[in-house]
>>> print(open('target-v2.csv').read())   # CSV, C-alpha atoms and all ligand atoms
chain,number,residue,atom,x,y,z
G,1,MET,CA,16.4,-4.0,-25.6
G,2,ARG,CA,16.0,-4.1,-21.8
G,3,PRO,CA,18.0,-1.4,-20.1
G,4,SER,CA,20.4,-2.3,-17.3
G,5,PRO,CA,18.8,-1.8,-13.8
G,6,GLY,CA,20.9,1.4,-13.4
G,7,GLU,CA,19.4,2.9,-16.6
G,8,VAL,CA,15.7,2.3,-15.8
G,9,GLN,CA,13.8,5.6,-16.1
G,10,ARG,CA,10.1,4.6,-16.1
G,11,ILE,CA,8.2,1.7,-14.6
G,12,THR,CA,4.6,0.7,-14.1
G,13,VAL,CA,3.0,-0.2,-10.8
G,14,MET,CA,-0.4,-1.9,-11.3
G,15,GLY,CA,-2.6,-1.4,-8.2
G,16,ALA,CA,-2.6,1.8,-6.1
G,17,GLY,CA,-3.9,0.3,-2.9
G,18,THR,CA,-2.2,-0.4,0.5
G,19,MET,CA,1.0,-1.7,-1.1
G,20,GLY,CA,0.9,-0.2,-4.5
G,21,HIS,CA,1.1,3.5,-3.6
G,22,SER,CA,4.0,2.8,-1.2
G,23,ILE,CA,5.9,0.6,-3.7
G,24,ALA,CA,5.5,3.3,-6.3
G,25,GLN,CA,6.8,5.9,-3.8
G,26,VAL,CA,10.1,3.9,-3.3
G,27,PHE,CA,10.8,3.9,-7.1
G,28,ALA,CA,9.9,7.6,-7.3
G,29,GLN,CA,12.2,8.4,-4.4
G,30,ALA,CA,15.0,6.7,-6.3
G,31,GLY,CA,14.5,9.1,-9.3
G,32,ILE,CA,12.3,6.7,-11.4
G,33,ASP,CA,9.1,7.8,-13.0
G,34,VAL,CA,6.2,5.6,-12.2
G,35,ASP,CA,2.9,5.0,-14.0
G,36,LEU,CA,0.6,4.1,-11.2
G,37,VAL,CA,-2.3,2.1,-12.7
G,38,ASP,CA,-5.7,1.3,-11.0
G,39,LEU,CA,-9.2,0.6,-12.3
G,40,ASP,CA,-10.6,2.4,-9.3
G,41,GLU,CA,-10.5,6.2,-9.8
G,42,THR,CA,-10.9,6.7,-6.0
G,43,ALA,CA,-7.9,4.6,-5.2
G,44,LEU,CA,-5.9,6.5,-7.8
G,45,ALA,CA,-7.0,9.9,-6.5
G,46,ARG,CA,-6.0,8.9,-3.0
G,47,ALA,CA,-2.6,7.5,-3.7
G,48,PRO,CA,-0.6,10.8,-4.1
G,49,GLY,CA,-1.9,12.0,-0.8
G,50,LEU,CA,-0.9,8.8,0.9
G,51,VAL,CA,2.6,9.0,-0.6
G,52,GLU,CA,2.9,12.6,0.5
G,53,ALA,CA,1.9,11.7,4.1
G,54,ASN,CA,4.6,8.9,4.0
G,55,LEU,CA,7.2,11.4,2.7
G,56,ARG,CA,6.3,13.8,5.5
G,57,ILE,CA,7.0,11.0,8.0
G,58,LEU,CA,10.5,10.6,6.4
G,59,VAL,CA,11.0,14.3,6.7
G,60,ASP,CA,10.0,14.3,10.4
G,61,ALA,CA,12.4,11.3,11.0
G,62,GLY,CA,15.2,13.3,9.4
G,63,ARG,CA,15.5,11.0,6.4
G,64,LEU,CA,14.3,13.3,3.7
G,65,ALA,CA,14.6,17.0,2.9
G,66,SER,CA,11.1,18.6,2.6
G,67,HIS,CA,12.1,20.4,-0.6
G,68,GLU,CA,12.4,17.0,-2.3
G,69,ILE,CA,8.7,16.2,-1.8
G,70,PRO,CA,7.3,18.0,-4.8
G,71,THR,CA,9.9,16.4,-7.1
G,72,ILE,CA,9.2,12.9,-5.8
G,73,LEU,CA,5.4,13.4,-6.2
G,74,GLY,CA,6.0,14.8,-9.7
G,75,ARG,CA,7.4,11.4,-10.7
G,76,LEU,CA,4.1,9.6,-9.9
G,77,HIS,CA,1.7,9.4,-12.9
G,78,PRO,CA,-1.6,8.0,-11.8
G,79,THR,CA,-3.6,6.5,-14.8
G,80,THR,CA,-6.4,4.1,-15.5
G,81,SER,CA,-4.8,3.2,-18.9
G,82,LEU,CA,-2.7,0.0,-18.3
G,83,ALA,CA,-2.1,-0.3,-22.1
G,84,GLU,CA,-0.5,3.2,-22.3
G,85,ALA,CA,1.6,2.6,-19.2
G,86,ALA,CA,2.7,-0.9,-20.3
G,87,ALA,CA,3.8,0.4,-23.7
G,88,ARG,CA,6.5,2.6,-22.0
G,89,ALA,CA,7.4,0.4,-19.0
G,90,GLU,CA,10.9,-0.8,-18.4
G,91,PHE,CA,9.8,-2.9,-15.5
G,92,ALA,CA,6.4,-3.6,-13.9
G,93,MET,CA,5.2,-4.5,-10.4
G,94,GLU,CA,1.8,-6.2,-10.2
G,95,VAL,CA,0.2,-5.2,-6.9
G,96,VAL,CA,-3.5,-5.7,-7.6
G,97,SER,CA,-6.0,-7.5,-5.4
G,98,GLU,CA,-5.1,-11.0,-4.2
G,99,THR,CA,-7.4,-12.9,-6.6
G,100,ILE,CA,-6.4,-15.1,-9.4
G,101,ALA,CA,-8.8,-13.3,-11.7
G,102,ALA,CA,-7.4,-9.9,-11.0
G,103,LYS,CA,-3.8,-11.1,-11.3
G,104,GLN,CA,-4.5,-12.9,-14.6
G,105,ALA,CA,-6.3,-9.9,-16.0
G,106,VAL,CA,-3.4,-7.5,-15.5
G,107,VAL,CA,-0.7,-10.0,-16.5
G,108,ASN,CA,-2.6,-10.5,-19.8
G,109,ALA,CA,-3.2,-6.8,-20.4
G,110,PHE,CA,0.4,-5.9,-19.5
G,111,GLU,CA,2.0,-8.5,-21.7
G,112,ASP,CA,-0.2,-7.5,-24.7
G,113,ALA,CA,1.1,-4.0,-24.6
G,114,ALA,CA,4.6,-4.2,-23.1
G,115,ALA,CA,7.9,-4.7,-24.9
G,116,PRO,CA,8.7,-8.5,-24.9
G,117,ASP,CA,11.8,-8.3,-22.7
G,118,VAL,CA,10.3,-6.3,-19.8
G,119,VAL,CA,10.3,-8.1,-16.5
G,120,LEU,CA,6.9,-8.3,-14.7
G,121,ALA,CA,7.0,-9.0,-11.0
G,122,SER,CA,4.1,-10.0,-8.8
G,123,ASN,CA,3.7,-8.9,-5.2
G,124,THR,CA,1.4,-11.9,-4.4
G,125,SER,CA,1.5,-12.9,-0.7
G,126,ALA,CA,-0.2,-16.3,-0.7
G,127,LEU,CA,-1.1,-17.5,-4.2
G,128,ASP,CA,0.6,-20.4,-5.8
G,129,LEU,CA,1.3,-17.9,-8.5
G,130,PHE,CA,3.1,-19.8,-11.2
G,131,THR,CA,0.5,-22.6,-11.1
G,132,GLN,CA,-2.5,-20.4,-10.9
G,133,VAL,CA,-1.6,-17.5,-13.2
G,134,THR,CA,-0.3,-18.0,-16.7
G,135,ALA,CA,2.2,-15.7,-18.4
G,136,ALA,CA,2.8,-15.6,-22.1
G,137,ARG,CA,6.4,-14.8,-21.4
G,138,PRO,CA,7.0,-16.9,-18.2
G,139,GLU,CA,10.8,-16.4,-18.4
G,140,ARG,CA,10.2,-12.7,-17.5
G,141,PHE,CA,7.5,-13.3,-14.9
G,142,VAL,CA,8.8,-13.4,-11.3
G,143,CYS,CA,7.7,-12.6,-7.7
G,144,ALA,CA,9.0,-9.6,-5.8
G,145,HIS,CA,7.3,-9.8,-2.5
G,146,TRP,CA,7.4,-6.5,-0.4
G,147,PHE,CA,6.5,-5.9,3.2
G,148,MET,CA,4.2,-3.3,4.7
G,149,PRO,CA,5.0,-0.4,5.0
G,150,ALA,CA,6.8,-0.9,1.7
G,151,TYR,CA,8.6,2.5,1.9
G,152,ILE,CA,10.2,1.4,5.2
G,153,ILE,CA,10.8,-2.4,5.4
G,154,PRO,CA,14.0,-3.3,3.6
G,155,LEU,CA,13.4,-6.9,2.5
G,156,VAL,CA,11.9,-7.8,-0.8
G,157,GLU,CA,11.7,-11.6,-1.4
G,158,VAL,CA,12.4,-12.4,-5.1
G,159,ALA,CA,11.5,-15.8,-6.4
G,160,GLY,CA,10.9,-17.4,-9.7
G,161,GLY,CA,8.6,-20.1,-11.0
G,162,PRO,CA,9.9,-23.1,-13.0
G,163,ASP,CA,10.2,-21.1,-16.2
G,164,SER,CA,11.5,-17.8,-14.8
G,165,SER,CA,15.0,-17.0,-16.1
G,166,GLY,CA,17.9,-16.5,-13.7
G,167,ASP,CA,18.6,-13.3,-15.6
G,168,SER,CA,15.1,-11.9,-14.8
G,169,LEU,CA,15.6,-12.7,-11.1
G,170,GLU,CA,19.0,-11.1,-10.9
G,171,TRP,CA,17.9,-8.1,-12.9
G,172,THR,CA,15.0,-7.6,-10.6
G,173,ALA,CA,17.2,-7.9,-7.5
G,174,ASP,CA,19.7,-5.4,-9.0
G,175,LEU,CA,16.9,-2.9,-9.6
G,176,LEU,CA,15.6,-3.4,-6.1
G,177,ARG,CA,19.1,-2.8,-4.7
G,178,ARG,CA,19.4,0.4,-6.8
G,179,ILE,CA,16.3,1.8,-5.1
G,180,GLY,CA,17.7,1.0,-1.7
G,181,LYS,CA,15.9,-2.3,-0.9
G,182,GLN,CA,17.5,-5.6,0.4
G,183,PRO,CA,16.3,-8.2,-2.1
G,184,LEU,CA,16.7,-11.8,-1.3
G,185,VAL,CA,16.6,-14.2,-4.2
G,186,MET,CA,15.2,-17.5,-3.0
G,187,ASN,CA,16.4,-20.8,-4.4
G,188,ARG,CA,12.9,-21.4,-5.6
G,189,PHE,CA,9.4,-20.1,-5.1
G,190,ALA,CA,7.5,-21.3,-2.1
G,191,ILE,CA,3.9,-20.2,-1.2
G,192,GLY,CA,4.2,-17.6,1.5
G,193,PHE,CA,7.9,-17.1,0.8
G,194,ILE,CA,10.2,-17.0,3.9
G,195,ALA,CA,9.1,-14.4,6.4
G,196,ASN,CA,5.4,-14.9,6.3
G,197,LYS,CA,5.7,-18.7,6.3
G,198,VAL,CA,7.7,-18.5,9.5
G,199,MET,CA,5.2,-16.0,10.9
G,200,MET,CA,2.4,-18.4,10.1
G,201,ALA,CA,4.1,-21.1,12.1
G,202,MET,CA,4.4,-18.6,15.0
G,203,GLY,CA,0.7,-17.8,14.5
G,204,ALA,CA,-0.3,-21.4,14.7
G,205,ALA,CA,1.7,-21.9,18.0
G,206,ALA,CA,0.1,-18.7,19.4
G,207,GLU,CA,-3.3,-20.0,18.5
G,208,GLU,CA,-2.5,-23.3,20.4
G,209,LEU,CA,-1.6,-21.3,23.5
G,210,MET,CA,-4.8,-19.4,23.4
G,211,ASP,CA,-6.9,-22.5,22.8
G,212,ASP,CA,-5.3,-24.2,25.7
G,213,GLY,CA,-6.1,-21.1,27.8
G,214,ALA,CA,-2.4,-20.7,28.7
G,215,ALA,CA,-2.2,-17.1,27.6
G,216,THR,CA,-4.2,-14.3,26.1
G,217,LEU,CA,-3.4,-12.7,22.8
G,218,GLU,CA,-2.1,-9.6,24.6
G,219,ASP,CA,0.2,-11.8,26.7
G,220,ILE,CA,1.6,-13.4,23.5
G,221,ASP,CA,2.3,-10.1,21.8
G,222,PHE,CA,3.9,-8.7,24.9
G,223,ALA,CA,6.0,-11.8,25.4
G,224,LEU,CA,7.3,-11.7,21.8
G,225,LYS,CA,7.9,-8.0,21.8
G,226,THR,CA,10.0,-8.0,25.0
G,227,SER,CA,12.0,-11.2,24.1
G,228,VAL,CA,12.6,-12.5,20.7
G,229,GLY,CA,11.4,-9.2,19.2
G,230,VAL,CA,14.6,-7.6,20.6
G,231,ARG,CA,16.8,-10.4,19.4
G,232,LEU,CA,15.4,-11.4,16.0
G,233,GLY,CA,16.4,-8.3,14.1
G,234,LEU,CA,20.0,-9.1,15.0
G,235,VAL,CA,20.4,-12.9,15.0
G,236,GLY,CA,17.4,-14.4,13.1
G,237,ILE,CA,16.5,-18.0,14.1
G,238,PHE,CA,19.7,-19.9,13.3
G,239,GLN,CA,22.3,-17.5,14.6
G,240,SER,CA,20.3,-17.3,17.8
G,241,LEU,CA,20.8,-21.0,18.2
G,242,ASP,CA,24.6,-20.5,17.7
G,243,PHE,CA,24.5,-18.3,20.8
G,244,ASN,CA,22.5,-21.0,22.7
G,245,GLY,CA,25.2,-23.5,21.8
G,246,LEU,CA,24.4,-26.0,19.1
G,247,ASP,CA,25.7,-28.9,21.2
G,248,LEU,CA,23.2,-28.0,23.9
G,249,ILE,CA,20.4,-27.7,21.3
G,250,ALA,CA,21.3,-31.1,19.8
G,251,GLU,CA,21.5,-32.7,23.3
G,252,GLY,CA,18.2,-31.2,24.3
G,253,THR,CA,16.5,-32.4,21.1
G,254,ALA,CA,17.7,-36.0,21.7
G,255,GLU,CA,16.7,-35.8,25.4
G,256,MET,CA,13.2,-35.0,24.3
G,257,GLY,CA,13.2,-38.2,22.3
G,258,LEU,CA,13.2,-36.3,19.0
G,259,GLU,CA,15.5,-36.9,16.0
G,260,VAL,CA,18.3,-34.3,15.7
G,261,PRO,CA,17.8,-32.8,12.2
G,262,PRO,CA,20.5,-33.5,9.7
G,263,TYR,CA,21.5,-29.8,9.2
G,264,LEU,CA,22.1,-29.6,13.0
G,265,LYS,CA,23.8,-33.0,13.4
G,266,GLU,CA,26.2,-32.2,10.5
G,267,VAL,CA,27.6,-29.1,12.2
G,268,VAL,CA,27.6,-30.6,15.8
G,269,ASP,CA,29.5,-33.7,14.5
G,270,GLN,CA,32.2,-31.4,13.3
G,271,GLY,CA,32.5,-29.7,16.7
G,272,PHE,CA,30.9,-26.4,15.5
G,273,TYR,CA,28.9,-25.3,18.5
G,274,GLY,CA,28.7,-21.6,18.0
G,275,PRO,CA,30.9,-18.6,19.0
G,276,LYS,CA,32.4,-20.7,21.8
G,277,THR,CA,34.1,-22.9,19.2
G,278,GLY,CA,34.7,-20.1,16.7
G,279,ARG,CA,32.1,-21.6,14.4
G,280,GLY,CA,28.5,-22.8,14.5
G,281,PHE,CA,26.0,-22.4,11.6
G,282,TYR,CA,28.1,-19.2,11.1
G,283,ASP,CA,31.8,-18.8,10.9
G,284,TYR,CA,33.1,-16.1,13.4
G,285,GLY,CA,36.3,-15.5,11.5
G,286,GLY,CA,38.8,-16.3,14.3
G,287,ARG,CA,37.2,-13.9,16.8
G,288,SER,CA,37.0,-14.9,20.4
G,289,GLU,CA,33.6,-15.7,21.9
G,290,ARG,CA,34.0,-12.7,24.2
G,291,GLU,CA,34.5,-10.4,21.2
G,292,VAL,CA,31.4,-11.8,19.3
G,293,VAL,CA,29.2,-11.7,22.4
G,294,ARG,CA,30.3,-8.1,23.2
G,295,LYS,CA,29.4,-7.0,19.6
G,296,ARG,CA,26.0,-8.8,20.0
G,297,ASP,CA,25.2,-7.3,23.3
G,298,LEU,CA,26.1,-3.7,22.3
G,299,ALA,CA,23.8,-4.2,19.3
G,300,TYR,CA,21.0,-5.6,21.6
G,301,LEU,CA,21.3,-2.6,23.9
G,302,ALA,CA,21.1,-0.2,20.9
G,303,VAL,CA,17.9,-2.0,19.7
G,304,LEU,CA,16.5,-1.9,23.2
G,305,ASP,CA,17.2,1.9,23.5
G,306,ALA,CA,15.5,2.5,20.2
G,307,LEU,CA,12.5,0.3,21.1
G,308,GLU,CA,12.1,2.0,24.5
G,309,GLU,CA,12.5,5.4,22.9
G,310,ALA,CA,9.7,4.5,20.5
G,311,ASP,CA,7.5,3.3,23.5
G,312,ALA,CA,7.4,-0.1,21.7
G,313,PHE,CA,6.5,-2.2,24.6
G,314,SER,CA,3.0,-0.6,24.9
G,315,PRO,CA,0.4,-1.4,22.3
G,316,LEU,CA,0.6,1.1,19.4
L,401,LIG,N1,-1.5,-5.5,2.5
L,401,LIG,C1,-0.4,-6.1,2.8
L,401,LIG,O1,0.1,-6.1,3.9
L,401,LIG,C2,0.4,-6.9,1.8
L,401,LIG,C3,1.8,-7.2,2.0
L,401,LIG,C4,2.5,-7.9,1.0
L,401,LIG,C5,1.9,-8.3,-0.2
L,401,LIG,N2,0.6,-7.9,-0.4
L,401,LIG,C6,0.0,-8.3,-1.7
L,401,LIG,O2,0.0,-7.1,-2.5
L,401,LIG,C7,-1.2,-7.2,-3.4
L,401,LIG,C8,-2.1,-5.9,-3.2
L,401,LIG,O3,-2.4,-5.9,-1.8
L,401,LIG,P1,-3.0,-4.6,-1.2
L,401,LIG,O4,-3.1,-4.8,0.3
L,401,LIG,O5,-2.3,-3.4,-1.7
L,401,LIG,O6,-4.5,-4.6,-1.8
L,401,LIG,P2,-5.5,-3.4,-1.9
L,401,LIG,O7,-6.9,-4.0,-2.0
L,401,LIG,O8,-5.3,-2.3,-1.0
L,401,LIG,O9,-5.2,-2.8,-3.4
L,401,LIG,C9,-5.4,-3.5,-4.6
L,401,LIG,C10,-5.7,-2.5,-5.7
L,401,LIG,O10,-5.7,-3.2,-6.9
L,401,LIG,C11,-6.7,-2.6,-7.7
L,401,LIG,N3,-7.1,-3.5,-8.8
L,401,LIG,C12,-7.8,-4.7,-8.7
L,401,LIG,N4,-7.9,-5.2,-9.9
L,401,LIG,C13,-7.3,-4.4,-10.8
L,401,LIG,C14,-7.0,-4.5,-12.2
L,401,LIG,N5,-7.5,-5.5,-12.9
L,401,LIG,N6,-6.3,-3.5,-12.7
L,401,LIG,C15,-5.8,-2.5,-12.0
L,401,LIG,N7,-6.0,-2.4,-10.6
L,401,LIG,C16,-6.7,-3.3,-10.1
L,401,LIG,C17,-7.9,-2.3,-6.7
L,401,LIG,O11,-8.7,-1.3,-7.3
L,401,LIG,C18,-7.1,-1.8,-5.5
L,401,LIG,O12,-6.9,-0.4,-5.5
L,401,LIG,C19,-1.9,-8.5,-3.1
L,401,LIG,O13,-1.4,-9.5,-4.0
L,401,LIG,C20,-1.4,-8.8,-1.7
L,401,LIG,O14,-1.5,-10.1,-1.3
L,401,LIG,C21,-0.2,-7.2,0.5
>>> encode(input="target-v2.csv", output="structure tokens")
Amino acid sequence: MRPSPGEVQRITVMGAGTMGHSIAQVFAQAGIDVDLVDLDETALARAPGLVEANLRILVDAGRLASHEIPTILGRLHPTTSLAEAAARAEFAMEVVSETIAAKQAVVNAFEDAAAPDVVLASNTSALDLFTQVTAARPERFVCAHWFMPAYIIPLVEVAGGPDSSGDSLEWTADLLRRIGKQPLVMNRFAIGFIANKVMMAMGAAAEELMDDGAATLEDIDFALKTSVGVRLGLVGIFQSLDFNGLDLIAEGTAEMGLEVPPYLKEVVDQGFYGPKTGRGFYDYGGRSEREVVRKRDLAYLAVLDALEEADAFSPL
């Protein structure tokens, strides 16, 4: 029987490359033993050293005690035997190369050897996974999409295909919460998930600017880092519009001869313009505009201090 997420003691991570070693590290830091599987002996041999270097960064940043490093590294078990790892896995992350052939090979091999109720999650970035890869137990096959560097970035996008069970998705999200991540369970799977899809739209706009000769790529990075880069971490896209004033956004859209999208029209028609009316896309819970703006601005200043301290406005 599948353990509860809090009881999981041993998992399998398939693929020990750029993402795999770091994902394995996060589970090991949370006290879970990890069989780290790769076909490539060189990748397997390199992984513990990469994890150790990451852990030293956490020590230098004051987020880990150095005496914990050997214990965490001791929870990593590199192996080329997927069958042996799968047989004892209570959960698995598929983090192999982004090809349908590689994904299908590990899904087949894992399902052949694993207990039938074990959840298998894929870290694919861009494949139409549930169409292109077939699982024998599709109800326990989900996506859990991490971000690089996996041991630092909080979000993991969790999404299911047409046959993934709600229970598998929630169970995966609970396990990710247990290891300190911020899982987001999407309503349904979409190629590119949320964050990368939005980034791709930004990339297309940036390309247009370069093609037009309006800006260089360095200009574009600098402009984003010193403007929306400071804001996005606090307000995302839609709450940022709340602060602009949704009435203004709707008027401006109409003024440009464009149709006001239904999700915007709906709130504006109700008089929800943002903090200035106590509610926009978000409900400000009876707080005054001044109170909300003060909280926002103190947070922006804290972000700005941190970015300046990290010398973030120069190229890395
Ligand atoms: N690199 C990123 O920034 C990033 C971010 C999010 C998601 N992803 C996704 O994570 C997955 C892995 O990406 P990566 O950047 O870590 O790739 P990578 O090339 O660094 O590592 C992939 C590893 O998989 C191993 N592998 C290939 N076939 C295998 C098999 N049949 N059995 C066992 N191991 C096998 C390879 O030897 C390699 O070590 C991909 O699906 C990718 O799209 C990558």
>>> closest_residue(input="target-v2.csv", among="G:Met199, G:Val185, G:Leu127, G:Ile220", to="Ser97 in chain G", atoms="all atoms listed in the file")
G:Leu127
>>> closest_residue(input="target-v2.csv", among="G:Ile194, G:Leu232, G:Ala105, G:Ile32", to="ligand LIG 401 (chain L)", atoms="all atoms listed in the file")
G:Ala105
>>> residues_near_ligand(input="target-v2.csv", ligand="ligand LIG 401 (chain L)", cutoff="6 Å", atoms="all atoms listed in the file", output="PyMOL selection string")
chain G and resi 14-20+37-40+43+95-98+102+105-106+123-125+146-148
>>> closest_residue(input="target-v2.csv", among="G:Arg279, G:Thr172, G:Ala47, G:Thr226", to="Gly6 in chain G", atoms="only C-alpha atoms")
G:Thr172
>>> atom_distance(input="target-v2.csv", atom1="CA of Arg2 in chain G", atom2="CA of Gly192 in chain G")
29.4 Å
>>> atom_distance(input="target-v2.csv", atom1="CA of Leu58 in chain G", atom2="CA of Pro149 in chain G")
12.4 Å
>>> closest_residue(input="target-v2.csv", among="G:Val51, G:Arg287, G:Thr134, G:Tyr282", to="Gly236 in chain G", atoms="only C-alpha atoms")
G:Tyr282
>>> residues_near_point(input="target-v2.csv", point="(15.8, -16.4, -5.3)", cutoff="6 Å", atoms="all atoms listed in the file", output="NGL selection string")
:G and (158-159 or 185-188)
>>> residues_around(input="target-v2.csv", residues="Ala85 in chain G", least_positions_apart="5", cutoff="12 Å", atoms="only C-alpha atoms", output="ChimeraX atom specification")
/G:10-14,33-38,76-80,90-93,106,109-115
>>> axis_aligned_box(input="target-v2.csv", around="range 185-202 of chain G", padding_each_side="3 Å", output="JSON")
{"center_x": 9.5, "center_y": -17.8, "center_z": 4.7, "size_x": 20.2, "size_y": 13.2, "size_z": 26.6}
>>> residues_around(input="target-v2.csv", residues="Leu264 in chain G", least_positions_apart="2", cutoff="12 Å", atoms="all atoms listed in the file", output="number ranges by chain")
G: 238, 241-242, 245-251, 253-254, 259-262, 266-274, 280-281
>>> closest_residue(input="target-v2.csv", among="G:Pro116, G:Pro70, G:Gly229, G:Gly213", to="Met1 in chain G", atoms="all atoms listed in the file")
G:Pro116
>>> atom_distance(input="target-v2.csv", atom1="CA of Ala204 in chain G", atom2="CA of Lys103 in chain G")
28.2 Å
>>> closest_residue(input="target-v2.csv", among="G:Leu155, G:Phe141, G:Val8, G:Glu308", to="Arg88 in chain G", atoms="only C-alpha atoms")
G:Val8
>>> residues_around(input="target-v2.csv", residues="range 289-292 of chain G", least_positions_apart="3", cutoff="7 Å", atoms="all atoms listed in the file", output="PyMOL selection string")
chain G and resi 275-276+278+295-296
>>> residues_around(input="target-v2.csv", residues="Asp219 in chain G", least_positions_apart="2", cutoff="12 Å", atoms="all atoms listed in the file", output="list in words")
Ala206, Leu209, Met210, Gly213, Ala214, Ala215, Thr216, Leu217, Asp221, Phe222, Ala223, Leu224, Lys225, Thr226, Phe313, Ser314 and Pro315 of chain G
